[in-house]
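Asks: Input run_27.cif, format and content: mmCIF, C-alpha atoms and all ligand atoms.
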data_coords
#
loop_
_atom_site.label_atom_id
_atom_site.label_comp_id
_atom_site.auth_asym_id
_atom_site.auth_seq_id
_atom_site.Cartn_x
_atom_site.Cartn_y
_atom_site.Cartn_z
CA MET A 1 -6.02 -39.44 -33.31
CA ARG A 2 -8.23 -37.98 -36.03
CA ALA A 3 -7.90 -39.46 -39.52
CA MET A 4 -9.84 -39.40 -42.78
CA VAL A 5 -10.27 -43.08 -43.62
CA LEU A 6 -11.16 -44.86 -46.87
CA ASP A 7 -13.24 -47.88 -45.87
CA LYS A 8 -13.55 -49.15 -49.43
CA PRO A 9 -13.07 -47.66 -52.91
CA LYS A 10 -15.89 -45.59 -54.47
CA HIS A 11 -16.94 -44.24 -51.06
CA PRO A 12 -16.15 -40.86 -49.50
CA LEU A 13 -13.54 -40.72 -46.75
CA GLU A 14 -14.84 -40.86 -43.20
CA LEU A 15 -13.59 -38.87 -40.25
CA CYS A 16 -12.57 -41.47 -37.64
CA ASP A 17 -10.85 -41.62 -34.30
CA VAL A 18 -8.17 -44.29 -34.76
CA PRO A 19 -5.30 -45.40 -32.50
CA LYS A 20 -2.08 -43.41 -32.87
CA PRO A 21 0.45 -45.62 -34.72
CA LYS A 22 3.61 -46.82 -32.95
CA PRO A 23 6.99 -46.54 -34.70
CA GLY A 24 8.58 -49.93 -35.35
CA ARG A 25 12.24 -50.67 -36.02
CA GLY A 26 13.72 -47.99 -38.27
CA GLN A 27 10.51 -45.97 -38.31
CA LEU A 28 9.69 -42.41 -37.35
CA LEU A 29 6.48 -41.36 -35.66
CA VAL A 30 5.61 -38.09 -37.39
CA ARG A 31 3.14 -35.42 -36.29
CA VAL A 32 1.61 -34.42 -39.63
CA SER A 33 1.61 -30.71 -40.37
CA THR A 34 0.44 -30.69 -44.01
CA CYS A 35 -0.40 -33.24 -46.69
CA ALA A 36 -0.92 -32.34 -50.33
CA VAL A 37 -3.61 -34.04 -52.39
CA CYS A 38 -2.50 -35.95 -55.50
CA ARG A 39 -4.42 -37.26 -58.51
CA THR A 40 -3.32 -40.73 -57.41
CA ASP A 41 -5.50 -40.28 -54.31
CA LEU A 42 -8.48 -39.91 -56.65
CA HIS A 43 -7.43 -43.01 -58.62
CA VAL A 44 -7.33 -45.00 -55.34
CA ILE A 45 -10.71 -43.70 -54.14
CA ASP A 46 -12.29 -44.27 -57.55
CA GLY A 47 -11.09 -47.90 -57.60
CA GLU A 48 -8.78 -47.40 -60.57
CA LEU A 49 -5.72 -48.83 -58.80
CA PRO A 50 -5.74 -52.49 -57.76
CA ASN A 51 -5.56 -53.82 -54.19
CA PRO A 52 -5.23 -50.80 -51.92
CA LYS A 53 -4.86 -51.56 -48.21
CA VAL A 54 -8.32 -51.17 -46.65
CA PRO A 55 -9.26 -49.46 -44.49
CA LEU A 56 -6.70 -46.94 -45.70
CA ILE A 57 -5.41 -43.52 -44.69
CA LEU A 58 -4.54 -41.79 -47.98
CA GLY A 59 -1.92 -39.14 -48.62
CA HIS A 60 1.67 -39.38 -49.82
CA GLN A 61 2.93 -35.80 -49.88
CA ILE A 62 3.39 -35.47 -46.13
CA VAL A 63 5.24 -32.81 -44.18
CA GLY A 64 5.59 -33.15 -40.43
CA ARG A 65 7.85 -33.18 -37.39
CA VAL A 66 9.52 -36.22 -35.86
CA GLU A 67 7.78 -36.99 -32.59
CA GLU A 68 9.35 -40.33 -31.74
CA ILE A 69 12.03 -42.57 -33.24
CA GLY A 70 11.78 -46.35 -33.29
CA GLU A 71 14.76 -48.57 -32.69
CA GLU A 72 17.41 -47.80 -35.31
CA ILE A 73 18.35 -50.18 -38.10
CA GLN A 74 22.04 -50.93 -38.53
CA GLU A 75 22.47 -50.57 -42.25
CA ILE A 76 24.97 -52.66 -44.16
CA PRO A 77 25.33 -51.01 -47.59
CA LYS A 78 24.80 -53.53 -50.38
CA ARG A 79 26.98 -51.68 -52.86
CA PRO A 80 29.97 -49.45 -52.23
CA ASP A 81 28.27 -46.47 -53.93
CA THR A 82 25.19 -46.64 -51.67
CA LYS A 83 24.66 -43.30 -49.99
CA PRO A 84 24.00 -43.44 -46.24
CA SER A 85 20.34 -42.93 -45.32
CA PRO A 86 19.30 -39.58 -43.87
CA THR A 87 19.25 -39.36 -40.09
CA PHE A 88 16.57 -37.59 -38.11
CA ALA A 89 16.30 -36.24 -34.59
CA ILE A 90 13.18 -35.56 -32.54
CA GLY A 91 11.59 -32.31 -33.75
CA ASP A 92 13.18 -32.42 -37.23
CA ARG A 93 11.02 -31.50 -40.18
CA VAL A 94 10.53 -34.48 -42.47
CA GLY A 95 9.01 -35.11 -45.90
CA ILE A 96 7.36 -38.47 -46.57
CA PRO A 97 6.89 -39.46 -50.24
CA TRP A 98 5.04 -42.14 -52.20
CA LEU A 99 7.83 -44.76 -52.04
CA GLY A 100 7.52 -46.06 -48.49
CA TRP A 101 9.58 -49.23 -48.44
CA THR A 102 11.54 -51.57 -50.72
CA ASP A 103 13.17 -54.94 -50.04
CA GLY A 104 16.62 -53.72 -51.13
CA ASP A 105 17.26 -57.17 -52.43
CA CYS A 106 15.42 -57.89 -55.68
CA ALA A 107 17.00 -57.54 -59.13
CA TYR A 108 15.52 -54.04 -59.50
CA CYS A 109 16.76 -52.77 -56.15
CA ARG A 110 20.21 -54.19 -56.81
CA SER A 111 20.41 -52.39 -60.17
CA GLY A 112 19.51 -48.90 -58.92
CA ARG A 113 15.85 -49.22 -59.88
CA GLU A 114 14.17 -49.40 -56.50
CA ASN A 115 11.17 -47.60 -58.05
CA LEU A 116 10.38 -50.94 -59.72
CA CYS A 117 10.98 -53.12 -56.62
CA ASP A 118 8.97 -56.34 -56.70
CA ASN A 119 7.90 -55.87 -53.08
CA ALA A 120 7.68 -52.09 -52.81
CA ARG A 121 5.17 -50.51 -50.46
CA PHE A 122 3.57 -47.18 -51.17
CA THR A 123 2.50 -44.46 -48.77
CA GLY A 124 -1.24 -43.79 -48.77
CA TYR A 125 -1.89 -46.86 -50.95
CA THR A 126 -0.46 -50.08 -49.53
CA ILE A 127 0.58 -48.48 -46.21
CA ASP A 128 -1.18 -45.70 -44.30
CA GLY A 129 -0.41 -42.13 -45.27
CA GLY A 130 -0.86 -38.56 -44.14
CA TYR A 131 -4.58 -37.72 -44.03
CA ALA A 132 -4.22 -38.04 -40.25
CA GLN A 133 -2.73 -36.32 -37.22
CA PHE A 134 0.14 -38.82 -37.02
CA THR A 135 1.79 -41.31 -39.32
CA VAL A 136 4.76 -43.65 -39.18
CA ALA A 137 7.35 -43.91 -41.94
CA ASP A 138 10.56 -45.82 -42.58
CA ALA A 139 13.27 -43.20 -41.95
CA ARG A 140 15.35 -44.46 -44.88
CA TYR A 141 12.71 -43.28 -47.38
CA CYS A 142 12.07 -39.87 -45.80
CA PHE A 143 13.62 -36.60 -46.88
CA HIS A 144 14.97 -33.50 -45.20
CA LEU A 145 13.24 -30.58 -46.94
CA PRO A 146 14.77 -27.32 -48.20
CA ASP A 147 14.45 -24.52 -45.63
CA ARG A 148 13.26 -21.96 -48.15
CA TYR A 149 9.79 -23.56 -48.26
CA ASP A 150 7.20 -23.56 -45.50
CA ASP A 151 5.13 -26.66 -44.71
CA VAL A 152 2.31 -25.74 -47.12
CA GLU A 153 4.55 -24.69 -50.02
CA VAL A 154 6.76 -27.75 -49.90
CA ALA A 155 4.05 -30.43 -49.73
CA PRO A 156 3.21 -30.52 -53.49
CA LEU A 157 6.88 -31.02 -54.29
CA LEU A 158 6.80 -34.46 -52.66
CA CYS A 159 4.92 -36.13 -55.51
CA ALA A 160 3.92 -33.75 -58.30
CA GLY A 161 7.43 -32.32 -58.08
CA LEU A 162 9.35 -35.48 -57.53
CA ILE A 163 7.66 -37.86 -59.94
CA GLY A 164 7.33 -35.01 -62.43
CA TYR A 165 11.09 -34.61 -62.13
CA ARG A 166 11.63 -38.28 -62.89
CA SER A 167 9.46 -37.87 -66.02
CA TYR A 168 11.48 -34.80 -67.00
CA ARG A 169 14.80 -36.63 -66.61
CA LYS A 170 13.49 -39.33 -68.98
CA THR A 171 13.37 -36.69 -71.71
CA GLY A 172 17.19 -36.59 -71.69
CA GLY A 173 18.61 -33.47 -73.30
CA ALA A 174 15.42 -32.60 -75.20
CA GLN A 175 15.55 -28.95 -76.28
CA ARG A 176 11.93 -28.64 -77.39
CA LEU A 177 9.80 -30.13 -74.67
CA GLY A 178 6.01 -30.54 -74.91
CA MET A 179 3.81 -30.95 -71.84
CA TYR A 180 0.31 -32.34 -72.31
CA GLY A 181 -1.96 -31.48 -69.40
CA PHE A 182 -0.65 -28.30 -67.86
CA GLY A 183 -1.70 -28.93 -64.26
CA ASN A 184 0.25 -28.99 -61.00
CA ALA A 185 3.06 -31.33 -62.04
CA ALA A 186 3.63 -29.63 -65.41
CA HIS A 187 3.64 -26.25 -63.72
CA LEU A 188 6.42 -27.32 -61.34
CA ILE A 189 8.51 -29.12 -63.94
CA ALA A 190 8.21 -26.36 -66.56
CA GLN A 191 10.00 -24.05 -64.11
CA ILE A 192 12.97 -26.42 -63.95
CA ALA A 193 12.95 -26.99 -67.73
CA ILE A 194 13.00 -23.24 -68.41
CA TYR A 195 15.73 -22.78 -65.79
CA GLU A 196 17.79 -25.36 -67.67
CA GLY A 197 17.27 -23.54 -70.97
CA ARG A 198 14.69 -25.85 -72.57
CA GLU A 199 11.83 -24.52 -74.69
CA VAL A 200 8.50 -25.51 -73.19
CA PHE A 201 5.42 -26.11 -75.36
CA ALA A 202 2.26 -26.28 -73.23
CA PHE A 203 -0.78 -28.26 -74.39
CA THR A 204 -4.08 -27.79 -72.57
CA ARG A 205 -7.65 -28.92 -73.07
CA PRO A 206 -8.83 -27.39 -76.38
CA GLY A 207 -10.08 -23.87 -75.70
CA ASP A 208 -8.63 -23.56 -72.18
CA LYS A 209 -7.29 -20.05 -72.81
CA ALA A 210 -6.76 -19.32 -69.09
CA THR A 211 -4.29 -22.19 -68.66
CA GLN A 212 -2.60 -21.34 -71.96
CA GLN A 213 -2.16 -17.77 -70.74
CA ALA A 214 -0.75 -19.02 -67.42
CA ALA A 215 1.77 -21.19 -69.31
CA LYS A 216 2.88 -18.22 -71.42
CA GLU A 217 3.32 -16.12 -68.30
CA LEU A 218 5.61 -18.85 -67.01
CA CYS A 219 7.68 -18.39 -70.21
CA ALA A 220 6.43 -21.27 -72.34
CA VAL A 221 7.47 -20.50 -75.92
CA TRP A 222 4.12 -21.74 -77.18
CA ALA A 223 0.79 -22.71 -75.63
CA GLY A 224 -2.24 -24.18 -77.34
CA GLY A 225 -4.88 -26.89 -77.27
CA SER A 226 -3.97 -30.57 -77.44
CA ASP A 227 -5.82 -30.61 -80.79
CA GLU A 228 -3.26 -28.19 -82.23
CA ALA A 229 0.10 -29.03 -83.79
CA PRO A 230 3.07 -27.16 -82.30
CA PRO A 231 4.95 -24.78 -84.66
CA ASN A 232 8.07 -26.98 -84.42
CA LYS A 233 8.54 -30.71 -83.99
CA LEU A 234 9.28 -31.65 -80.36
CA ASP A 235 12.29 -33.57 -79.06
CA ALA A 236 10.18 -34.94 -76.21
CA ALA A 237 6.73 -34.74 -74.72
CA ILE A 238 5.55 -35.53 -71.20
CA ILE A 239 1.89 -36.49 -70.79
CA PHE A 240 0.69 -35.47 -67.34
CA ALA A 241 -3.04 -35.90 -68.14
CA SER A 242 -4.49 -39.40 -67.58
CA VAL A 243 -5.86 -39.39 -71.13
CA GLY A 244 -4.68 -42.29 -73.34
CA PRO A 245 -5.72 -40.70 -76.68
CA LEU A 246 -3.04 -38.04 -76.07
CA VAL A 247 -0.31 -40.65 -76.63
CA PRO A 248 -0.67 -40.91 -80.44
CA VAL A 249 -1.28 -37.16 -80.58
CA ALA A 250 1.98 -36.46 -78.78
CA LEU A 251 3.78 -39.06 -80.88
CA ARG A 252 2.78 -37.23 -84.06
CA ALA A 253 4.24 -34.00 -82.67
CA LEU A 254 7.70 -35.57 -82.20
CA ALA A 255 10.82 -35.13 -84.28
CA LYS A 256 12.81 -38.26 -85.20
CA GLY A 257 14.23 -40.06 -82.17
CA GLY A 258 11.84 -38.23 -79.84
CA VAL A 259 10.28 -39.67 -76.72
CA VAL A 260 6.79 -39.57 -75.22
CA VAL A 261 6.87 -39.99 -71.43
CA CYS A 262 3.61 -40.96 -69.74
CA GLY A 263 3.95 -39.41 -66.29
CA GLY A 264 0.86 -40.76 -64.53
CA ILE A 265 0.11 -43.91 -62.58
CA HIS A 266 -3.15 -44.49 -64.44
CA MET A 267 -4.31 -43.65 -67.95
CA SER A 268 -7.35 -44.42 -70.08
CA ASP A 269 -6.74 -46.82 -73.00
CA ILE A 270 -4.44 -45.74 -75.81
CA PRO A 271 -6.05 -45.93 -79.28
CA SER A 272 -4.19 -47.72 -82.07
CA PHE A 273 -2.06 -45.68 -84.44
CA PRO A 274 -0.07 -46.30 -87.65
CA TYR A 275 3.44 -47.65 -87.28
CA VAL A 276 4.82 -44.73 -89.28
CA ASP A 277 4.15 -42.51 -86.23
CA LEU A 278 6.52 -44.62 -84.13
CA TRP A 279 9.04 -45.21 -86.92
CA GLU A 280 12.40 -43.40 -86.88
CA GLU A 281 13.23 -44.43 -83.36
CA ARG A 282 10.49 -42.61 -81.53
CA LEU A 283 9.85 -44.03 -78.08
CA ILE A 284 6.90 -44.30 -75.72
CA THR A 285 7.69 -44.91 -72.07
CA SER A 286 6.05 -44.57 -68.68
CA VAL A 287 7.35 -43.47 -65.32
CA ALA A 288 6.69 -45.56 -62.26
CA ASN A 289 7.17 -44.26 -58.72
CA LEU A 290 10.45 -42.70 -57.65
CA THR A 291 13.85 -43.59 -56.31
CA ARG A 292 15.40 -41.87 -53.31
CA ARG A 293 18.02 -40.55 -55.69
CA ASP A 294 15.33 -38.72 -57.69
CA GLY A 295 14.30 -37.06 -54.44
CA ASP A 296 17.84 -36.04 -53.49
CA GLU A 297 18.40 -34.53 -56.95
CA PHE A 298 15.06 -32.78 -57.03
CA PHE A 299 15.36 -31.23 -53.57
CA GLU A 300 18.80 -30.00 -54.56
CA ILE A 301 17.64 -28.23 -57.73
CA ALA A 302 14.14 -27.05 -56.66
CA PRO A 303 15.30 -24.31 -54.26
CA ARG A 304 17.93 -23.11 -56.74
CA VAL A 305 15.38 -22.43 -59.51
CA PRO A 306 13.49 -21.66 -57.21
CA VAL A 307 10.45 -23.76 -58.07
CA ARG A 308 7.31 -22.01 -56.82
CA THR A 309 4.22 -23.94 -55.82
CA TYR A 310 0.65 -22.67 -55.85
CA THR A 311 -1.60 -24.06 -53.16
CA GLU A 312 -5.11 -23.90 -51.84
CA THR A 313 -5.49 -25.06 -48.24
CA PHE A 314 -8.20 -27.14 -46.61
CA SER A 315 -8.58 -28.59 -43.13
CA LEU A 316 -8.18 -32.34 -42.61
CA GLU A 317 -11.96 -32.65 -42.18
CA GLU A 318 -12.45 -30.96 -45.57
CA ALA A 319 -10.51 -33.68 -47.44
CA ASN A 320 -13.62 -34.87 -49.32
CA THR A 321 -14.35 -31.32 -50.47
CA ALA A 322 -10.78 -30.93 -51.71
CA LEU A 323 -10.96 -34.28 -53.54
CA ASP A 324 -14.36 -33.55 -55.11
CA ARG A 325 -13.20 -30.16 -56.32
CA PHE A 326 -10.03 -31.73 -57.73
CA ARG A 327 -12.02 -34.40 -59.57
CA ALA A 328 -14.34 -31.75 -61.01
CA GLY A 329 -11.40 -29.61 -62.19
CA LYS A 330 -12.47 -26.82 -59.85
CA LEU A 331 -9.15 -26.25 -58.10
CA ASN A 332 -6.89 -23.43 -59.25
CA ALA A 333 -3.89 -24.75 -57.36
CA THR A 334 -2.72 -27.86 -55.50
CA ALA A 335 -4.97 -28.73 -52.56
CA VAL A 336 -3.02 -29.01 -49.32
CA LEU A 337 -4.57 -30.27 -46.10
CA ARG A 338 -3.44 -28.33 -43.05
CA VAL A 339 -3.55 -30.99 -40.38
CA SER A 340 -1.88 -29.32 -37.40
CA GLU A 341 -0.44 -25.89 -36.90
ZN ZN A 401 13.38 -54.67 -54.46
ZN ZN A 402 1.18 -38.60 -56.09
#
Would you mind writing the file out in structure tokens?
Ligand SMILES: [Zn+2]
Ligand SMILES: [Zn+2]
Replies:
Amino acid sequence: MRAMVLDKPKHPLELCDVPKPKPGRGQLLVRVSTCAVCRTDLHVIDGELPNPKVPLILGHQIVGRVEEIGEEIQEIPKRPDTKPSPTFAIGDRVGIPWLGWTDGDCAYCRSGRENLCDNARFTGYTIDGGYAQFTVADARYCFHLPDRYDDVEVAPLLCAGLIGYRSYRKTGGAQRLGMYGFGNAAHLIAQIAIYEGREVFAFTRPGDKATQQAAKELCAVWAGGSDEAPPNKLDAAIIFASVGPLVPVALRALAKGGVVVCGGIHMSDIPSFPYVDLWEERLITSVANLTRRDGDEFFEIAPRVPVRTYTETFSLEEANTALDRFRAGKLNATAVLRVSE
């Protein structure tokens, strides 16, 4: 099968002919239809995330059809409230996210925090992902996808949507919600926030009037540069940009008891700041990965809003072009690789 392979970090992907994977116990063999490109893919290629599997097939926002099913796993639920895993039949559409496998057994898994599992494996990072014609995935971590979306539209929801949603839920009942870095994830999550009656304050790169205008069109109550103070103190802020200096900036924009949620997997260093900015029970937290429950909740609410995605499509062979344009900030929408039609 054709795949775009990362031989080692800091090198472009190479188009290779690699053996088609075989589904093991509990796994699905999936014919990949589309795979959206995520900023995390850039972090892996640029060597900013430690110990990727190499050689590696990137991609963790995968949409495809079940081609073959490995031997099924008899699941014994560990807790009475454990929801049964989704079941798939040959030909079913399937979404494969970042969280690819957990041990189900560590202290984190046993306390409903499988996103922090000590032994977790991640699609397109520590296991092969979707920049290929076929991939295998553990059926227990896959999702059925809402019918209202086609294969291109739904792909960006699998990470930008899902992990963005986890960041959003960390803001609790915040009424005034700031978003720093108004890119793909912010764009998706702002739609849910507005649907739920929150006021969205959009912060862009200073002077980026086009993005500020786009945020206003989406019904943000205010949009401005990250160097500007919002007209009202915020109850929460999510930082989607991988820019550490935004943390103290966002902190200063918070009302008492407010929270700053860092939504990315990687961020440049955070400069020091005076304690008074944290005082009065302000919080800084990060979001790591996702749980299957986040996915179930998100795919329930997304079609009700309905969350709209904006995409720009590339062929599998054009993956490097898509990645380069993403890195250079030259994409106007989420890049989605169309792998098979
Ligand atoms: Zn675990
Ligand atoms: Zn991602």
Asks: Collect all residues with atoms no farther than 12 Å from ligand ZN 402 (chain A), counting only C-alpha atoms and all ligand atoms, and output them as an MDAnalysis selection string.
Replies: chainID A and resid 35:44 58:62 96:99 122:125 129 155:164 184:185 240 263:266 288:290 334
Asks: Rounded to one decimal place, report the CA of Arg31 (chain A)-CA of Glu67 (chain A) distance in Å.
Replies: 6.1 Å
Asks: Using only C-alpha atoms and all ligand atoms, which protein or nucleic acid residues are at most 6 Å from ligand ZN 401 (chain A), as JSON, numbers by chain?
Replies: {"A": [102, 103, 104, 105, 106, 108, 109, 114, 117, 118, 119]}
Asks: Env of region 218-231 of chain A: 7 Å cut, atoms = all atoms listed in the file, seq-sep filter 2 positions within chain, self excluded. Answer as number ranges by chain.
Replies: A: 180, 199-207, 212, 214-216, 233, 253
Asks: For the residues in the current selection, export C-alpha atoms as an mmCIF file, in the frame of the given file.
Replies:
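File result_5.cif, as written:
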data_model
loop_
_atom_site.group_PDB
_atom_site.id
_atom_site.type_symbol
_atom_site.label_atom_id
_atom_site.label_comp_id
_atom_site.auth_asym_id
_atom_site.auth_seq_id
_atom_site.Cartn_x
_atom_site.Cartn_y
_atom_site.Cartn_z
ATOM 1 C CA TYR A 180 0.310 -32.340 -72.310
ATOM 2 C CA GLU A 199 11.830 -24.520 -74.690
ATOM 3 C CA VAL A 200 8.500 -25.510 -73.190
ATOM 4 C CA PHE A 201 5.420 -26.110 -75.360
ATOM 5 C CA ALA A 202 2.260 -26.280 -73.230
ATOM 6 C CA PHE A 203 -0.780 -28.260 -74.390
ATOM 7 C CA THR A 204 -4.080 -27.790 -72.570
ATOM 8 C CA ARG A 205 -7.650 -28.920 -73.070
ATOM 9 C CA PRO A 206 -8.830 -27.390 -76.380
ATOM 10 C CA GLY A 207 -10.080 -23.870 -75.700
ATOM 11 C CA GLN A 212 -2.600 -21.340 -71.960
ATOM 12 C CA ALA A 214 -0.750 -19.020 -67.420
ATOM 13 C CA ALA A 215 1.770 -21.190 -69.310
ATOM 14 C CA LYS A 216 2.880 -18.220 -71.420
ATOM 15 C CA LYS A 233 8.540 -30.710 -83.990
ATOM 16 C CA ALA A 253 4.240 -34.000 -82.670
#
Asks: Which residues, written as a PyMOL selection string, have at least one atom at most 10 Å from Arg176 (chain A), with all atoms listed in the file counted and residues fewer than 5 positions away on the same chain left out?
Replies: chain A and resi 171+193+197-201+221+232-237+254-255+258
Asks: Could you please give me, as an NGL selection string, the residues of protein, DNA or RNA lying at most 12 Å from (12.9, -44.8, -87.0) in the coordinate frame of the file, considering all atoms listed in the file?
Replies: :A and (254-259 or 275-283)
Asks: Go ahead and save the residues from that selection, with C-alpha atoms, as a PDB file, keeping the file's coordinate frame.
Replies:
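Final output, saved to result09.pdb:
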ATOM      1  CA  LEU A 254       7.700 -35.570 -82.200  1.00  0.00           C
ATOM      2  CA  ALA A 255      10.820 -35.130 -84.280  1.00  0.00           C
ATOM      3  CA  LYS A 256      12.810 -38.260 -85.200  1.00  0.00           C
ATOM      4  CA  GLY A 257      14.230 -40.060 -82.170  1.00  0.00           C
ATOM      5  CA  GLY A 258      11.840 -38.230 -79.840  1.00  0.00           C
ATOM      6  CA  VAL A 259      10.280 -39.670 -76.720  1.00  0.00           C
ATOM      7  CA  TYR A 275       3.440 -47.650 -87.280  1.00  0.00           C
ATOM      8  CA  VAL A 276       4.820 -44.730 -89.280  1.00  0.00           C
ATOM      9  CA  ASP A 277       4.150 -42.510 -86.230  1.00  0.00           C
ATOM     10  CA  LEU A 278       6.520 -44.620 -84.130  1.00  0.00           C
ATOM     11  CA  TRP A 279       9.040 -45.210 -86.920  1.00  0.00           C
ATOM     12  CA  GLU A 280      12.400 -43.400 -86.880  1.00  0.00           C
ATOM     13  CA  GLU A 281      13.230 -44.430 -83.360  1.00  0.00           C
ATOM     14  CA  ARG A 282      10.490 -42.610 -81.530  1.00  0.00           C
ATOM     15  CA  LEU A 283       9.850 -44.030 -78.080  1.00  0.00           C
TER      16      LEU A 283
END
Asks: Counting all atoms listed in the file, which residue out of A:Ile57, A:Leu28, A:Val63, A:Ala107 sits closest to Ala89 (chain A)?
Replies: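 That would be A:Leu28, the residue with the smallest distance to Ala89 (chain A).
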